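Just coords_10.pdb here, PDB, C-alpha atoms, pLDDT in the B column:
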ATOM      1  CA  MET F 975     118.523   7.538 -65.674  1.00 55.00           C
ATOM      2  CA  ILE F 976     117.017   4.262 -66.766  1.00 54.00           C
ATOM      3  CA  TYR F 977     118.315   3.988 -70.330  1.00 55.00           C
ATOM      4  CA  GLY F 978     119.783   0.539 -70.866  1.00 58.00           C
ATOM      5  CA  TYR F 979     118.178  -1.009 -67.797  1.00 65.00           C
ATOM      6  CA  SER F 980     117.198  -4.671 -68.076  1.00 62.00           C
ATOM      7  CA  PRO F 981     113.600  -5.782 -67.358  1.00 60.00           C
ATOM      8  CA  VAL F 982     114.776  -7.254 -64.034  1.00 57.00           C
ATOM      9  CA  ARG F 983     116.268  -3.928 -62.946  1.00 60.00           C
ATOM     10  CA  LEU F 984     113.194  -2.025 -64.142  1.00 63.00           C
ATOM     11  CA  VAL F 985     111.046  -4.095 -61.755  1.00 58.00           C
ATOM     12  CA  THR F 986     112.869  -2.461 -58.847  1.00 62.00           C
ATOM     13  CA  VAL F 987     112.695   1.040 -60.320  1.00 61.00           C
ATOM     14  CA  LEU F 988     108.945   0.792 -60.957  1.00 60.00           C
ATOM     15  CA  ALA F 989     108.314  -0.698 -57.514  1.00 64.00           C
ATOM     16  CA  ARG F 990     109.793   2.433 -55.947  1.00 63.00           C
ATOM     17  CA  GLY F 991     107.023   4.372 -57.665  1.00 66.00           C
ATOM     18  CA  GLY F 992     104.312   1.962 -56.545  1.00 68.00           C
ATOM     19  CA  VAL F 993     104.014   0.102 -59.872  1.00 66.00           C
ATOM     20  CA  SER F 994     104.119  -3.697 -59.652  1.00 64.00           C
ATOM     21  CA  LEU F 995     104.980  -5.569 -62.867  1.00 58.00           C
ATOM     22  CA  SER F 996     106.854  -8.798 -63.466  1.00 61.00           C
ATOM     23  CA  HIS F 997     110.074  -8.696 -65.458  1.00 53.00           C
ATOM     24  CA  MET F 998     108.493 -10.846 -68.185  1.00 60.00           C
ATOM     25  CA  THR F 999     105.618  -8.373 -68.557  1.00 66.00           C
ATOM     26  CA  ILE F1000     108.109  -5.524 -68.856  1.00 59.00           C
ATOM     27  CA  TYR F1001     110.149  -7.529 -71.363  1.00 59.00           C
ATOM     28  CA  ARG F1002     107.103  -8.160 -73.547  1.00 64.00           C
ATOM     29  CA  LEU F1003     106.085  -4.489 -73.419  1.00 63.00           C
ATOM     30  CA  LEU F1004     109.568  -3.320 -74.376  1.00 63.00           C
ATOM     31  CA  ARG F1005     109.870  -5.878 -77.162  1.00 65.00           C
ATOM     32  CA  ARG F1006     106.403  -5.000 -78.515  1.00 68.00           C
ATOM     33  CA  SER F1007     107.434  -1.327 -78.568  1.00 69.00           C
ATOM     34  CA  GLY F1008     110.656  -2.125 -80.421  1.00 65.00           C
ATOM     35  CA  LEU F1009     112.824  -0.858 -77.568  1.00 65.00           C
ATOM     36  CA  ILE F1010     114.776  -4.076 -77.139  1.00 63.00           C
ATOM     37  CA  ARG F1011     115.883  -6.910 -79.357  1.00 62.00           C
ATOM     38  CA  PRO F1012     115.801 -10.556 -78.306  1.00 60.00           C
ATOM     39  CA  ARG F1013     119.275 -11.863 -77.606  1.00 58.00           C
ATOM     40  CA  ARG F1014     120.607 -15.288 -78.323  1.00 59.00           C
ATOM     41  CA  GLN F1015     121.026 -17.121 -75.037  1.00 55.00           C
ATOM     42  CA  ARG F1016     124.622 -17.941 -74.275  1.00 53.00           C
ATOM     43  CA  ARG F1017     125.585 -20.972 -72.306  1.00 55.00           C
ATOM     44  CA  ARG F1018     127.187 -19.746 -69.115  1.00 51.00           C
ATOM     45  CA  GLN F1019     129.927 -21.561 -67.307  1.00 51.00           C
ATOM     46  CA  ARG F1020     128.777 -22.435 -63.825  1.00 51.00           C
ATOM     47  CA  TYR F1021     130.897 -21.483 -60.865  1.00 43.00           C
ATOM     48  CA  ARG F1022     130.227 -20.997 -57.200  1.00 49.00           C
ATOM     49  CA  ALA F1023     129.512 -17.409 -56.252  1.00 55.00           C
ATOM     50  CA  TRP F1024     131.006 -16.060 -53.041  1.00 66.00           C
ATOM     51  CA  SER F1025     130.874 -12.825 -51.114  1.00 77.00           C
ATOM     52  CA  ARG F1026     132.090 -11.400 -47.811  1.00 84.00           C
ATOM     53  CA  GLU F1027     129.421 -10.761 -45.173  1.00 87.00           C
ATOM     54  CA  CYS F1028     130.258  -7.212 -44.070  1.00 92.00           C
ATOM     55  CA  PRO F1029     131.500  -4.038 -45.785  1.00 95.00           C
ATOM     56  CA  ASN F1030     135.229  -3.379 -45.389  1.00 96.00           C
ATOM     57  CA  GLU F1031     136.062  -7.038 -44.889  1.00 96.00           C
ATOM     58  CA  LEU F1032     137.525  -7.246 -48.384  1.00 96.00           C
ATOM     59  CA  TRP F1033     138.415  -4.664 -51.034  1.00 97.00           C
ATOM     60  CA  GLN F1034     139.258  -5.484 -54.633  1.00 97.00           C
ATOM     61  CA  PRO F1035     141.578  -3.010 -56.423  1.00 97.00           C
ATOM     62  CA  ASP F1036     142.302  -3.602 -60.108  1.00 97.00           C
ATOM     63  CA  PHE F1037     143.495  -1.658 -63.161  1.00 97.00           C
ATOM     64  CA  LYS F1038     141.645  -1.414 -66.482  1.00 96.00           C
ATOM     65  CA  GLY F1039     143.474  -0.315 -69.590  1.00 94.00           C
ATOM     66  CA  PRO F1040     145.215   1.196 -71.255  1.00 95.00           C
ATOM     67  CA  TYR F1041     142.572   2.988 -73.327  1.00 95.00           C
ATOM     68  CA  TRP F1042     142.195   6.362 -75.010  1.00 94.00           C
ATOM     69  CA  ARG F1043     140.312   9.164 -73.275  1.00 91.00           C
ATOM     70  CA  ASN F1044     140.127  12.721 -74.657  1.00 89.00           C
ATOM     71  CA  GLY F1045     143.175  12.066 -76.793  1.00 93.00           C
ATOM     72  CA  ARG F1046     145.207  10.636 -73.900  1.00 95.00           C
ATOM     73  CA  ARG F1047     146.303   7.073 -73.236  1.00 96.00           C
ATOM     74  CA  VAL F1048     145.176   6.294 -69.677  1.00 97.00           C
ATOM     75  CA  TRP F1049     144.646   3.532 -67.145  1.00 97.00           C
ATOM     76  CA  ARG F1050     141.835   3.363 -64.607  1.00 98.00           C
ATOM     77  CA  LEU F1051     142.094   1.987 -61.071  1.00 98.00           C
ATOM     78  CA  ASP F1052     138.766   0.713 -59.747  1.00 98.00           C
ATOM     79  CA  VAL F1053     138.432  -0.263 -56.075  1.00 98.00           C
ATOM     80  CA  LEU F1054     135.351  -2.263 -55.078  1.00 97.00           C
ATOM     81  CA  ASP F1055     134.015  -3.344 -51.684  1.00 97.00           C
ATOM     82  CA  ASP F1056     133.216  -7.035 -51.998  1.00 95.00           C
ATOM     83  CA  ALA F1057     130.196  -7.351 -49.682  1.00 94.00           C
ATOM     84  CA  SER F1058     128.241  -4.273 -50.787  1.00 95.00           C
ATOM     85  CA  ARG F1059     129.574  -3.808 -54.368  1.00 95.00           C
ATOM     86  CA  TYR F1060     130.223  -0.202 -53.336  1.00 97.00           C
ATOM     87  CA  LEU F1061     132.564   1.505 -55.791  1.00 98.00           C
ATOM     88  CA  LEU F1062     135.051   3.052 -53.383  1.00 98.00           C
ATOM     89  CA  ALA F1063     137.129   4.706 -56.093  1.00 98.00           C
ATOM     90  CA  SER F1064     137.584   4.955 -59.830  1.00 98.00           C
ATOM     91  CA  VAL F1065     140.709   6.895 -60.749  1.00 97.00           C
ATOM     92  CA  GLU F1066     142.194   7.585 -64.183  1.00 97.00           C
ATOM     93  CA  CYS F1067     145.972   7.889 -64.384  1.00 97.00           C
ATOM     94  CA  GLU F1068     148.751   8.010 -66.973  1.00 95.00           C
ATOM     95  CA  ARG F1069     150.151   4.610 -66.020  1.00 96.00           C
ATOM     96  CA  ALA F1070     149.404   1.686 -63.741  1.00 97.00           C
ATOM     97  CA  SER F1071     151.783   1.942 -60.804  1.00 97.00           C
ATOM     98  CA  SER F1072     152.043   0.936 -57.182  1.00 96.00           C
ATOM     99  CA  GLN F1073     152.239   4.630 -56.281  1.00 97.00           C
ATOM    100  CA  VAL F1074     148.757   5.231 -57.700  1.00 98.00           C
ATOM    101  CA  VAL F1075     147.423   2.204 -55.798  1.00 98.00           C
ATOM    102  CA  LEU F1076     148.968   3.193 -52.467  1.00 98.00           C
ATOM    103  CA  GLU F1077     147.952   6.864 -52.723  1.00 98.00           C
ATOM    104  CA  THR F1078     144.387   5.839 -53.577  1.00 98.00           C
ATOM    105  CA  LEU F1079     144.142   3.292 -50.774  1.00 98.00           C
ATOM    106  CA  GLU F1080     145.567   5.742 -48.237  1.00 98.00           C
ATOM    107  CA  ARG F1081     142.904   8.243 -49.226  1.00 98.00           C
ATOM    108  CA  LEU F1082     140.158   5.614 -48.983  1.00 97.00           C
ATOM    109  CA  ILE F1083     141.304   4.463 -45.550  1.00 97.00           C
ATOM    110  CA  LYS F1084     141.036   8.023 -44.228  1.00 96.00           C
ATOM    111  CA  LYS F1085     137.482   8.182 -45.545  1.00 95.00           C
ATOM    112  CA  TYR F1086     136.170   4.660 -44.915  1.00 95.00           C
ATOM    113  CA  SER F1087     138.628   3.043 -42.424  1.00 94.00           C
ATOM    114  CA  ARG F1088     140.886   0.079 -43.166  1.00 95.00           C
ATOM    115  CA  PRO F1089     139.744  -3.151 -44.802  1.00 96.00           C
ATOM    116  CA  LEU F1090     140.659  -6.457 -43.225  1.00 96.00           C
ATOM    117  CA  GLN F1091     141.816  -7.896 -46.551  1.00 97.00           C
ATOM    118  CA  VAL F1092     142.564  -6.869 -50.128  1.00 97.00           C
ATOM    119  CA  LEU F1093     142.276  -9.190 -53.121  1.00 96.00           C
ATOM    120  CA  THR F1094     144.416  -8.549 -56.216  1.00 96.00           C
ATOM    121  CA  ASP F1095     145.730 -10.264 -59.296  1.00 94.00           C
ATOM    122  CA  ASN F1096     149.407 -11.171 -59.630  1.00 93.00           C
ATOM    123  CA  GLY F1097     150.435  -8.139 -61.668  1.00 93.00           C
ATOM    124  CA  ALA F1098     153.758  -6.414 -61.049  1.00 94.00           C
ATOM    125  CA  VAL F1099     151.935  -3.497 -59.416  1.00 96.00           C
ATOM    126  CA  PHE F1100     150.908  -5.789 -56.555  1.00 97.00           C
ATOM    127  CA  VAL F1101     153.441  -8.633 -56.533  1.00 95.00           C
ATOM    128  CA  SER F1102     157.213  -8.550 -56.981  1.00 92.00           C
ATOM    129  CA  VAL F1103     158.361 -10.351 -60.140  1.00 85.00           C
ATOM    130  CA  ARG F1104     161.943 -10.591 -58.866  1.00 85.00           C
ATOM    131  CA  GLY F1105     161.205 -12.291 -55.578  1.00 84.00           C
ATOM    132  CA  GLY F1106     160.879 -10.768 -52.162  1.00 90.00           C
ATOM    133  CA  LEU F1107     158.136  -8.347 -51.217  1.00 95.00           C
ATOM    134  CA  SER F1108     156.697  -5.622 -53.420  1.00 96.00           C
ATOM    135  CA  ALA F1109     156.011  -2.080 -52.188  1.00 96.00           C
ATOM    136  CA  PHE F1110     152.320  -2.966 -52.096  1.00 97.00           C
ATOM    137  CA  GLN F1111     152.913  -6.093 -50.002  1.00 97.00           C
ATOM    138  CA  ARG F1112     155.111  -4.177 -47.555  1.00 97.00           C
ATOM    139  CA  TRP F1113     152.383  -1.544 -47.261  1.00 97.00           C
ATOM    140  CA  CYS F1114     149.808  -4.241 -46.455  1.00 97.00           C
ATOM    141  CA  ILE F1115     152.033  -5.652 -43.704  1.00 97.00           C
ATOM    142  CA  THR F1116     152.613  -2.200 -42.205  1.00 97.00           C
ATOM    143  CA  ASN F1117     148.872  -1.500 -42.159  1.00 97.00           C
ATOM    144  CA  GLU F1118     147.966  -4.990 -40.855  1.00 96.00           C
ATOM    145  CA  ILE F1119     145.918  -5.780 -43.955  1.00 97.00           C
ATOM    146  CA  ARG F1120     145.966  -9.317 -45.310  1.00 97.00           C
ATOM    147  CA  HIS F1121     146.877  -9.477 -48.997  1.00 97.00           C
ATOM    148  CA  ILE F1122     145.108 -12.271 -50.902  1.00 96.00           C
ATOM    149  CA  ARG F1123     146.399 -13.132 -54.365  1.00 94.00           C
ATOM    150  CA  ALA F1124     144.026 -14.513 -56.971  1.00 87.00           C
ATOM    151  CA  ARG F1125     144.832 -17.887 -58.416  1.00 75.00           C
ATOM    152  CA  ARG F1126     146.536 -17.599 -61.801  1.00 70.00           C
ATOM    153  CA  CYS F1127     144.393 -18.279 -64.896  1.00 55.00           C
ATOM    154  CA  HIS F1128     141.225 -18.073 -62.778  1.00 54.00           C
ATOM    155  CA  PRO F1129     139.450 -14.783 -63.693  1.00 55.00           C
ATOM    156  CA  GLN F1130     136.307 -15.712 -61.712  1.00 58.00           C
ATOM    157  CA  THR F1131     138.145 -14.829 -58.484  1.00 65.00           C
ATOM    158  CA  LEU F1132     138.196 -11.163 -59.515  1.00 78.00           C
ATOM    159  CA  GLY F1133     134.863 -11.381 -61.302  1.00 86.00           C
ATOM    160  CA  LYS F1134     133.177  -8.571 -59.348  1.00 92.00           C
ATOM    161  CA  VAL F1135     135.731  -5.869 -60.093  1.00 93.00           C
ATOM    162  CA  GLU F1136     136.153  -7.141 -63.658  1.00 93.00           C
ATOM    163  CA  ARG F1137     132.402  -6.707 -64.123  1.00 92.00           C
ATOM    164  CA  VAL F1138     132.628  -3.178 -62.745  1.00 95.00           C
ATOM    165  CA  HIS F1139     135.282  -2.381 -65.365  1.00 96.00           C
ATOM    166  CA  ARG F1140     132.885  -3.436 -68.089  1.00 94.00           C
ATOM    167  CA  THR F1141     129.860  -1.713 -66.549  1.00 94.00           C
ATOM    168  CA  ILE F1142     131.684   1.624 -66.353  1.00 96.00           C
ATOM    169  CA  ASP F1143     132.835   1.291 -69.957  1.00 94.00           C
ATOM    170  CA  GLU F1144     129.327   0.428 -71.169  1.00 91.00           C
ATOM    171  CA  GLU F1145     127.364   3.034 -69.213  1.00 93.00           C
ATOM    172  CA  ARG F1146     129.545   6.069 -68.628  1.00 92.00           C
ATOM    173  CA  GLU F1147     129.680   7.302 -72.215  1.00 88.00           C
ATOM    174  CA  ARG F1148     126.053   6.402 -72.861  1.00 90.00           C
ATOM    175  CA  LEU F1149     124.893   8.450 -69.888  1.00 92.00           C
ATOM    176  CA  GLY F1150     127.256  11.326 -70.641  1.00 92.00           C
ATOM    177  CA  LEU F1151     128.684  11.418 -67.109  1.00 94.00           C
ATOM    178  CA  GLU F1152     132.105  12.413 -65.849  1.00 94.00           C
ATOM    179  CA  LEU F1153     133.834   9.738 -63.798  1.00 95.00           C
ATOM    180  CA  GLU F1154     133.005  11.245 -60.384  1.00 96.00           C
ATOM    181  CA  GLU F1155     129.386  11.714 -61.459  1.00 96.00           C
ATOM    182  CA  TYR F1156     129.213   8.099 -62.564  1.00 97.00           C
ATOM    183  CA  ILE F1157     130.571   6.864 -59.217  1.00 97.00           C
ATOM    184  CA  GLU F1158     127.782   8.759 -57.452  1.00 97.00           C
ATOM    185  CA  TYR F1159     125.198   7.300 -59.839  1.00 96.00           C
ATOM    186  CA  TYR F1160     126.552   3.748 -59.519  1.00 96.00           C
ATOM    187  CA  ASN F1161     126.628   3.815 -55.724  1.00 96.00           C
ATOM    188  CA  ASN F1162     123.397   5.653 -54.952  1.00 95.00           C
ATOM    189  CA  GLU F1163     120.984   5.425 -57.891  1.00 93.00           C
ATOM    190  CA  ARG F1164     121.638   2.319 -59.965  1.00 92.00           C
ATOM    191  CA  PRO F1165     119.813  -0.820 -58.662  1.00 91.00           C
ATOM    192  CA  HIS F1166     122.183  -3.793 -58.450  1.00 86.00           C
ATOM    193  CA  THR F1167     120.797  -7.164 -59.523  1.00 83.00           C
ATOM    194  CA  SER F1168     123.040  -9.198 -57.194  1.00 82.00           C
ATOM    195  CA  LEU F1169     121.886  -7.014 -54.276  1.00 85.00           C
ATOM    196  CA  LEU F1170     118.218  -7.831 -54.996  1.00 83.00           C
ATOM    197  CA  GLY F1171     117.548  -4.398 -56.422  1.00 85.00           C
ATOM    198  CA  ARG F1172     119.226  -2.363 -53.696  1.00 91.00           C
ATOM    199  CA  VAL F1173     121.903   0.197 -54.504  1.00 94.00           C
ATOM    200  CA  PRO F1174     125.456  -0.410 -53.197  1.00 95.00           C
ATOM    201  CA  GLY F1175     125.436   2.728 -51.046  1.00 95.00           C
ATOM    202  CA  GLU F1176     122.354   1.539 -49.177  1.00 93.00           C
ATOM    203  CA  LEU F1177     124.018  -1.725 -48.221  1.00 92.00           C
ATOM    204  CA  TYR F1178     127.448  -0.244 -47.509  1.00 95.00           C
ATOM    205  CA  TRP F1179     126.226   2.387 -45.061  1.00 93.00           C
ATOM    206  CA  SER F1180     123.404   0.397 -43.443  1.00 88.00           C
ATOM    207  CA  GLU F1181     125.433  -2.684 -42.500  1.00 76.00           C
ATOM    208  CA  ARG F1182     127.816  -2.618 -39.552  1.00 53.00           C
ATOM    209  CA  ARG F1183     131.200  -1.768 -40.974  1.00 55.00           C
ATOM    210  CA  ILE F1184     134.526  -3.053 -39.771  1.00 54.00           C
ATOM    211  CA  GLU F1185     136.248  -0.377 -37.671  1.00 56.00           C
ATOM    212  CA  ARG F1186     139.852  -0.759 -36.560  1.00 54.00           C
TER     213      ARG F1186
END

What would the structure in this file look like if it were written as structure tokens?
Amino acid sequence: MIYGYSPVRLVTVLARGGVSLSHMTIYRLLRRSGLIRPRRQRRRQRYRAWSRECPNELWQPDFKGPYWRNGRRVWRLDVLDDASRYLLASVECERASSQVVLETLERLIKKYSRPLQVLTDNGAVFVSVRGGLSAFQRWCITNEIRHIRARRCHPQTLGKVERVHRTIDEERERLGLELEEYIEYYNNERPHTSLLGRVPGELYWSERRIER
């Protein structure tokens, strides 16, 4: 599945087959064939990129939605490993709730072991709006997981999982994949630009993971 791949990502795909072309050569070939249209360059705001060193040091859970799917109004919880960009889970549910978060994280811990930290926004699912500790915060304390809250009005902090939201929305329908099929594709087939062309699954399972 290479539909919609950028010239940079196609460099990696072709290299796997022994073909060596620069991304500019690929761009010119695609443009000459009418397969892509030149885009107006947007001025990007500069900010300092950051990333944890090892898988399972930091997970980022976040909800996307609501949106309509097969005639139903749903939310989607995406959970991303920060270091490897491995999509640990993508779960559709009827509403965004702490119960969905905790059930999903419990399942992931049984499969992957516990993270050292979790990074979330300041939504009511994660943080109590009435003071005191939320159910999610109490769960983190019980499981000896440090809860990091993103700074308000600073979306760059959760930029990785926010980008995953958008990527799933853009690619899933186009590829005609069910959600579980897309997770498999994202983790094990789709080259990731920020990982220098590697797939998230390669990095997640090859690096020494945090075991507790």

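With all atoms listed in the file as the atoms that count, the residue of F:Ser1108, F:Glu1066, F:Ile1122, F:Asn1096 with the shortest distance to Asn1044 in chain F is F:Glu1066.
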
**Request:** Would you mind telling me which residue in F:Asp1036, F:Val1138, F:Tyr1156, F:Gly1045 lies nearest to Ala1124 in chain F when using only C-alpha atoms?
**Result:**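 The answer is F:Asp1036, which sits nearest to Ala1124 in chain F.
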
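Counting all atoms listed in the file, the residue from F:Val1048, F:Phe1110, F:Arg1126, F:Asn1162 that sits nearest to Ala1070 in chain F is F:Val1048.
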
**Request:** For CA of Arg1081 in chain F and CA of Ile1119 in chain F, quote the distance in Å rounded to one decimal.
**Result:** 15.3 Å

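Of the listed residues (F:Gly1150, F:Gly1175, F:Pro1029, F:Pro1035), F:Pro1029 comes nearest to Pro1089 in chain F; the distances count all atoms listed in the file.
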
**Request:** Identify which of the residues F:Val1075, F:Leu1061, F:Leu1151, F:Val1092 lies closest to Val1173 in chain F, counting only C-alpha atoms when measuring atom-to-atom distances.
**Result:** F:Leu1061

**Message:** Calculated over all atoms listed in the file, which of the candidates F:Leu1093, F:Val1074, F:Leu1079, F:Leu1062 has the smallest distance to Gly1133 in chain F?
**Reply:** F:Leu1093

Range 1062-1095 of chain F rebuilt with N, CA and C atoms, output as a PDB file, in the frame of the given file:
ATOM      1  N   LEU F1062     134.326   2.160 -54.278  1.00 98.00           N
ATOM      2  CA  LEU F1062     135.051   3.052 -53.383  1.00 98.00           C
ATOM      3  C   LEU F1062     135.828   4.114 -54.139  1.00 98.00           C
ATOM      4  N   ALA F1063     136.356   3.749 -55.301  1.00 98.00           N
ATOM      5  CA  ALA F1063     137.129   4.706 -56.093  1.00 98.00           C
ATOM      6  C   ALA F1063     137.207   4.241 -57.532  1.00 98.00           C
ATOM      7  N   SER F1064     137.306   5.206 -58.419  1.00 98.00           N
ATOM      8  CA  SER F1064     137.584   4.955 -59.830  1.00 98.00           C
ATOM      9  C   SER F1064     138.443   6.115 -60.289  1.00 98.00           C
ATOM     10  N   VAL F1065     139.728   5.841 -60.523  1.00 97.00           N
ATOM     11  CA  VAL F1065     140.709   6.895 -60.749  1.00 97.00           C
ATOM     12  C   VAL F1065     141.436   6.672 -62.069  1.00 97.00           C
ATOM     13  N   GLU F1066     141.430   7.667 -62.934  1.00 97.00           N
ATOM     14  CA  GLU F1066     142.194   7.585 -64.183  1.00 97.00           C
ATOM     15  C   GLU F1066     143.597   8.143 -63.957  1.00 97.00           C
ATOM     16  N   CYS F1067     144.581   7.491 -64.567  1.00 97.00           N
ATOM     17  CA  CYS F1067     145.972   7.889 -64.384  1.00 97.00           C
ATOM     18  C   CYS F1067     146.760   7.598 -65.664  1.00 97.00           C
ATOM     19  N   GLU F1068     147.948   8.165 -65.766  1.00 95.00           N
ATOM     20  CA  GLU F1068     148.751   8.010 -66.973  1.00 95.00           C
ATOM     21  C   GLU F1068     149.357   6.619 -67.091  1.00 95.00           C
ATOM     22  N   ARG F1069     149.618   5.970 -65.972  1.00 96.00           N
ATOM     23  CA  ARG F1069     150.151   4.610 -66.020  1.00 96.00           C
ATOM     24  C   ARG F1069     149.771   3.845 -64.763  1.00 96.00           C
ATOM     25  N   ALA F1070     149.722   2.538 -64.888  1.00 97.00           N
ATOM     26  CA  ALA F1070     149.404   1.686 -63.741  1.00 97.00           C
ATOM     27  C   ALA F1070     150.658   1.534 -62.893  1.00 97.00           C
ATOM     28  N   SER F1071     150.604   1.995 -61.667  1.00 97.00           N
ATOM     29  CA  SER F1071     151.783   1.942 -60.804  1.00 97.00           C
ATOM     30  C   SER F1071     151.369   1.678 -59.368  1.00 97.00           C
ATOM     31  N   SER F1072     152.317   1.178 -58.590  1.00 96.00           N
ATOM     32  CA  SER F1072     152.043   0.936 -57.182  1.00 96.00           C
ATOM     33  C   SER F1072     151.811   2.252 -56.446  1.00 96.00           C
ATOM     34  N   GLN F1073     152.437   3.332 -56.917  1.00 97.00           N
ATOM     35  CA  GLN F1073     152.239   4.630 -56.281  1.00 97.00           C
ATOM     36  C   GLN F1073     150.782   5.069 -56.364  1.00 97.00           C
ATOM     37  N   VAL F1074     150.167   4.876 -57.533  1.00 98.00           N
ATOM     38  CA  VAL F1074     148.757   5.231 -57.700  1.00 98.00           C
ATOM     39  C   VAL F1074     147.893   4.394 -56.763  1.00 98.00           C
ATOM     40  N   VAL F1075     148.189   3.096 -56.672  1.00 98.00           N
ATOM     41  CA  VAL F1075     147.423   2.204 -55.798  1.00 98.00           C
ATOM     42  C   VAL F1075     147.532   2.638 -54.346  1.00 98.00           C
ATOM     43  N   LEU F1076     148.760   2.872 -53.878  1.00 98.00           N
ATOM     44  CA  LEU F1076     148.968   3.193 -52.467  1.00 98.00           C
ATOM     45  C   LEU F1076     148.376   4.562 -52.113  1.00 98.00           C
ATOM     46  N   GLU F1077     148.537   5.553 -52.989  1.00 98.00           N
ATOM     47  CA  GLU F1077     147.952   6.864 -52.723  1.00 98.00           C
ATOM     48  C   GLU F1077     146.426   6.783 -52.666  1.00 98.00           C
ATOM     49  N   THR F1078     145.843   5.989 -53.562  1.00 98.00           N
ATOM     50  CA  THR F1078     144.387   5.839 -53.577  1.00 98.00           C
ATOM     51  C   THR F1078     143.893   5.125 -52.333  1.00 98.00           C
ATOM     52  N   LEU F1079     144.561   4.041 -51.952  1.00 98.00           N
ATOM     53  CA  LEU F1079     144.142   3.292 -50.774  1.00 98.00           C
ATOM     54  C   LEU F1079     144.313   4.108 -49.486  1.00 98.00           C
ATOM     55  N   GLU F1080     145.382   4.885 -49.411  1.00 98.00           N
ATOM     56  CA  GLU F1080     145.567   5.742 -48.237  1.00 98.00           C
ATOM     57  C   GLU F1080     144.418   6.738 -48.114  1.00 98.00           C
ATOM     58  N   ARG F1081     144.017   7.296 -49.237  1.00 98.00           N
ATOM     59  CA  ARG F1081     142.904   8.243 -49.226  1.00 98.00           C
ATOM     60  C   ARG F1081     141.603   7.561 -48.817  1.00 98.00           C
ATOM     61  N   LEU F1082     141.383   6.346 -49.312  1.00 97.00           N
ATOM     62  CA  LEU F1082     140.158   5.614 -48.983  1.00 97.00           C
ATOM     63  C   LEU F1082     140.114   5.208 -47.511  1.00 97.00           C
ATOM     64  N   ILE F1083     141.258   4.847 -46.960  1.00 97.00           N
ATOM     65  CA  ILE F1083     141.304   4.463 -45.550  1.00 97.00           C
ATOM     66  C   ILE F1083     140.937   5.640 -44.651  1.00 97.00           C
ATOM     67  N   LYS F1084     141.393   6.840 -45.013  1.00 96.00           N
ATOM     68  CA  LYS F1084     141.036   8.023 -44.228  1.00 96.00           C
ATOM     69  C   LYS F1084     139.532   8.278 -44.267  1.00 96.00           C
ATOM     70  N   LYS F1085     138.915   7.920 -45.379  1.00 95.00           N
ATOM     71  CA  LYS F1085     137.482   8.182 -45.545  1.00 95.00           C
ATOM     72  C   LYS F1085     136.604   7.058 -45.010  1.00 95.00           C
ATOM     73  N   TYR F1086     137.037   5.800 -45.224  1.00 95.00           N
ATOM     74  CA  TYR F1086     136.170   4.660 -44.915  1.00 95.00           C
ATOM     75  C   TYR F1086     136.693   3.741 -43.810  1.00 95.00           C
ATOM     76  N   SER F1087     137.911   3.934 -43.340  1.00 94.00           N
ATOM     77  CA  SER F1087     138.628   3.043 -42.424  1.00 94.00           C
ATOM     78  C   SER F1087     139.258   1.888 -43.189  1.00 94.00           C
ATOM     79  N   ARG F1088     140.104   1.132 -42.510  1.00 95.00           N
ATOM     80  CA  ARG F1088     140.886   0.079 -43.166  1.00 95.00           C
ATOM     81  C   ARG F1088     140.060  -1.175 -43.446  1.00 95.00           C
ATOM     82  N   PRO F1089     140.343  -1.831 -44.571  1.00 96.00           N
ATOM     83  CA  PRO F1089     139.744  -3.151 -44.802  1.00 96.00           C
ATOM     84  C   PRO F1089     140.544  -4.211 -44.056  1.00 96.00           C
ATOM     85  N   LEU F1090     139.927  -5.346 -43.828  1.00 96.00           N
ATOM     86  CA  LEU F1090     140.659  -6.457 -43.225  1.00 96.00           C
ATOM     87  C   LEU F1090     141.560  -7.135 -44.247  1.00 96.00           C
ATOM     88  N   GLN F1091     141.085  -7.196 -45.498  1.00 97.00           N
ATOM     89  CA  GLN F1091     141.816  -7.896 -46.551  1.00 97.00           C
ATOM     90  C   GLN F1091     141.700  -7.134 -47.870  1.00 97.00           C
ATOM     91  N   VAL F1092     142.664  -7.351 -48.751  1.00 97.00           N
ATOM     92  CA  VAL F1092     142.564  -6.869 -50.128  1.00 97.00           C
ATOM     93  C   VAL F1092     142.855  -8.050 -51.053  1.00 97.00           C
ATOM     94  N   LEU F1093     142.115  -8.117 -52.144  1.00 96.00           N
ATOM     95  CA  LEU F1093     142.276  -9.190 -53.121  1.00 96.00           C
ATOM     96  C   LEU F1093     142.747  -8.582 -54.428  1.00 96.00           C
ATOM     97  N   THR F1094     143.866  -9.071 -54.960  1.00 96.00           N
ATOM     98  CA  THR F1094     144.416  -8.549 -56.216  1.00 96.00           C
ATOM     99  C   THR F1094     144.823  -9.687 -57.141  1.00 96.00           C
ATOM    100  N   ASP F1095     145.121  -9.303 -58.387  1.00 94.00           N
ATOM    101  CA  ASP F1095     145.730 -10.264 -59.296  1.00 94.00           C
ATOM    102  C   ASP F1095     147.229 -10.327 -59.003  1.00 94.00           C
TER     103      ASP F1095
END
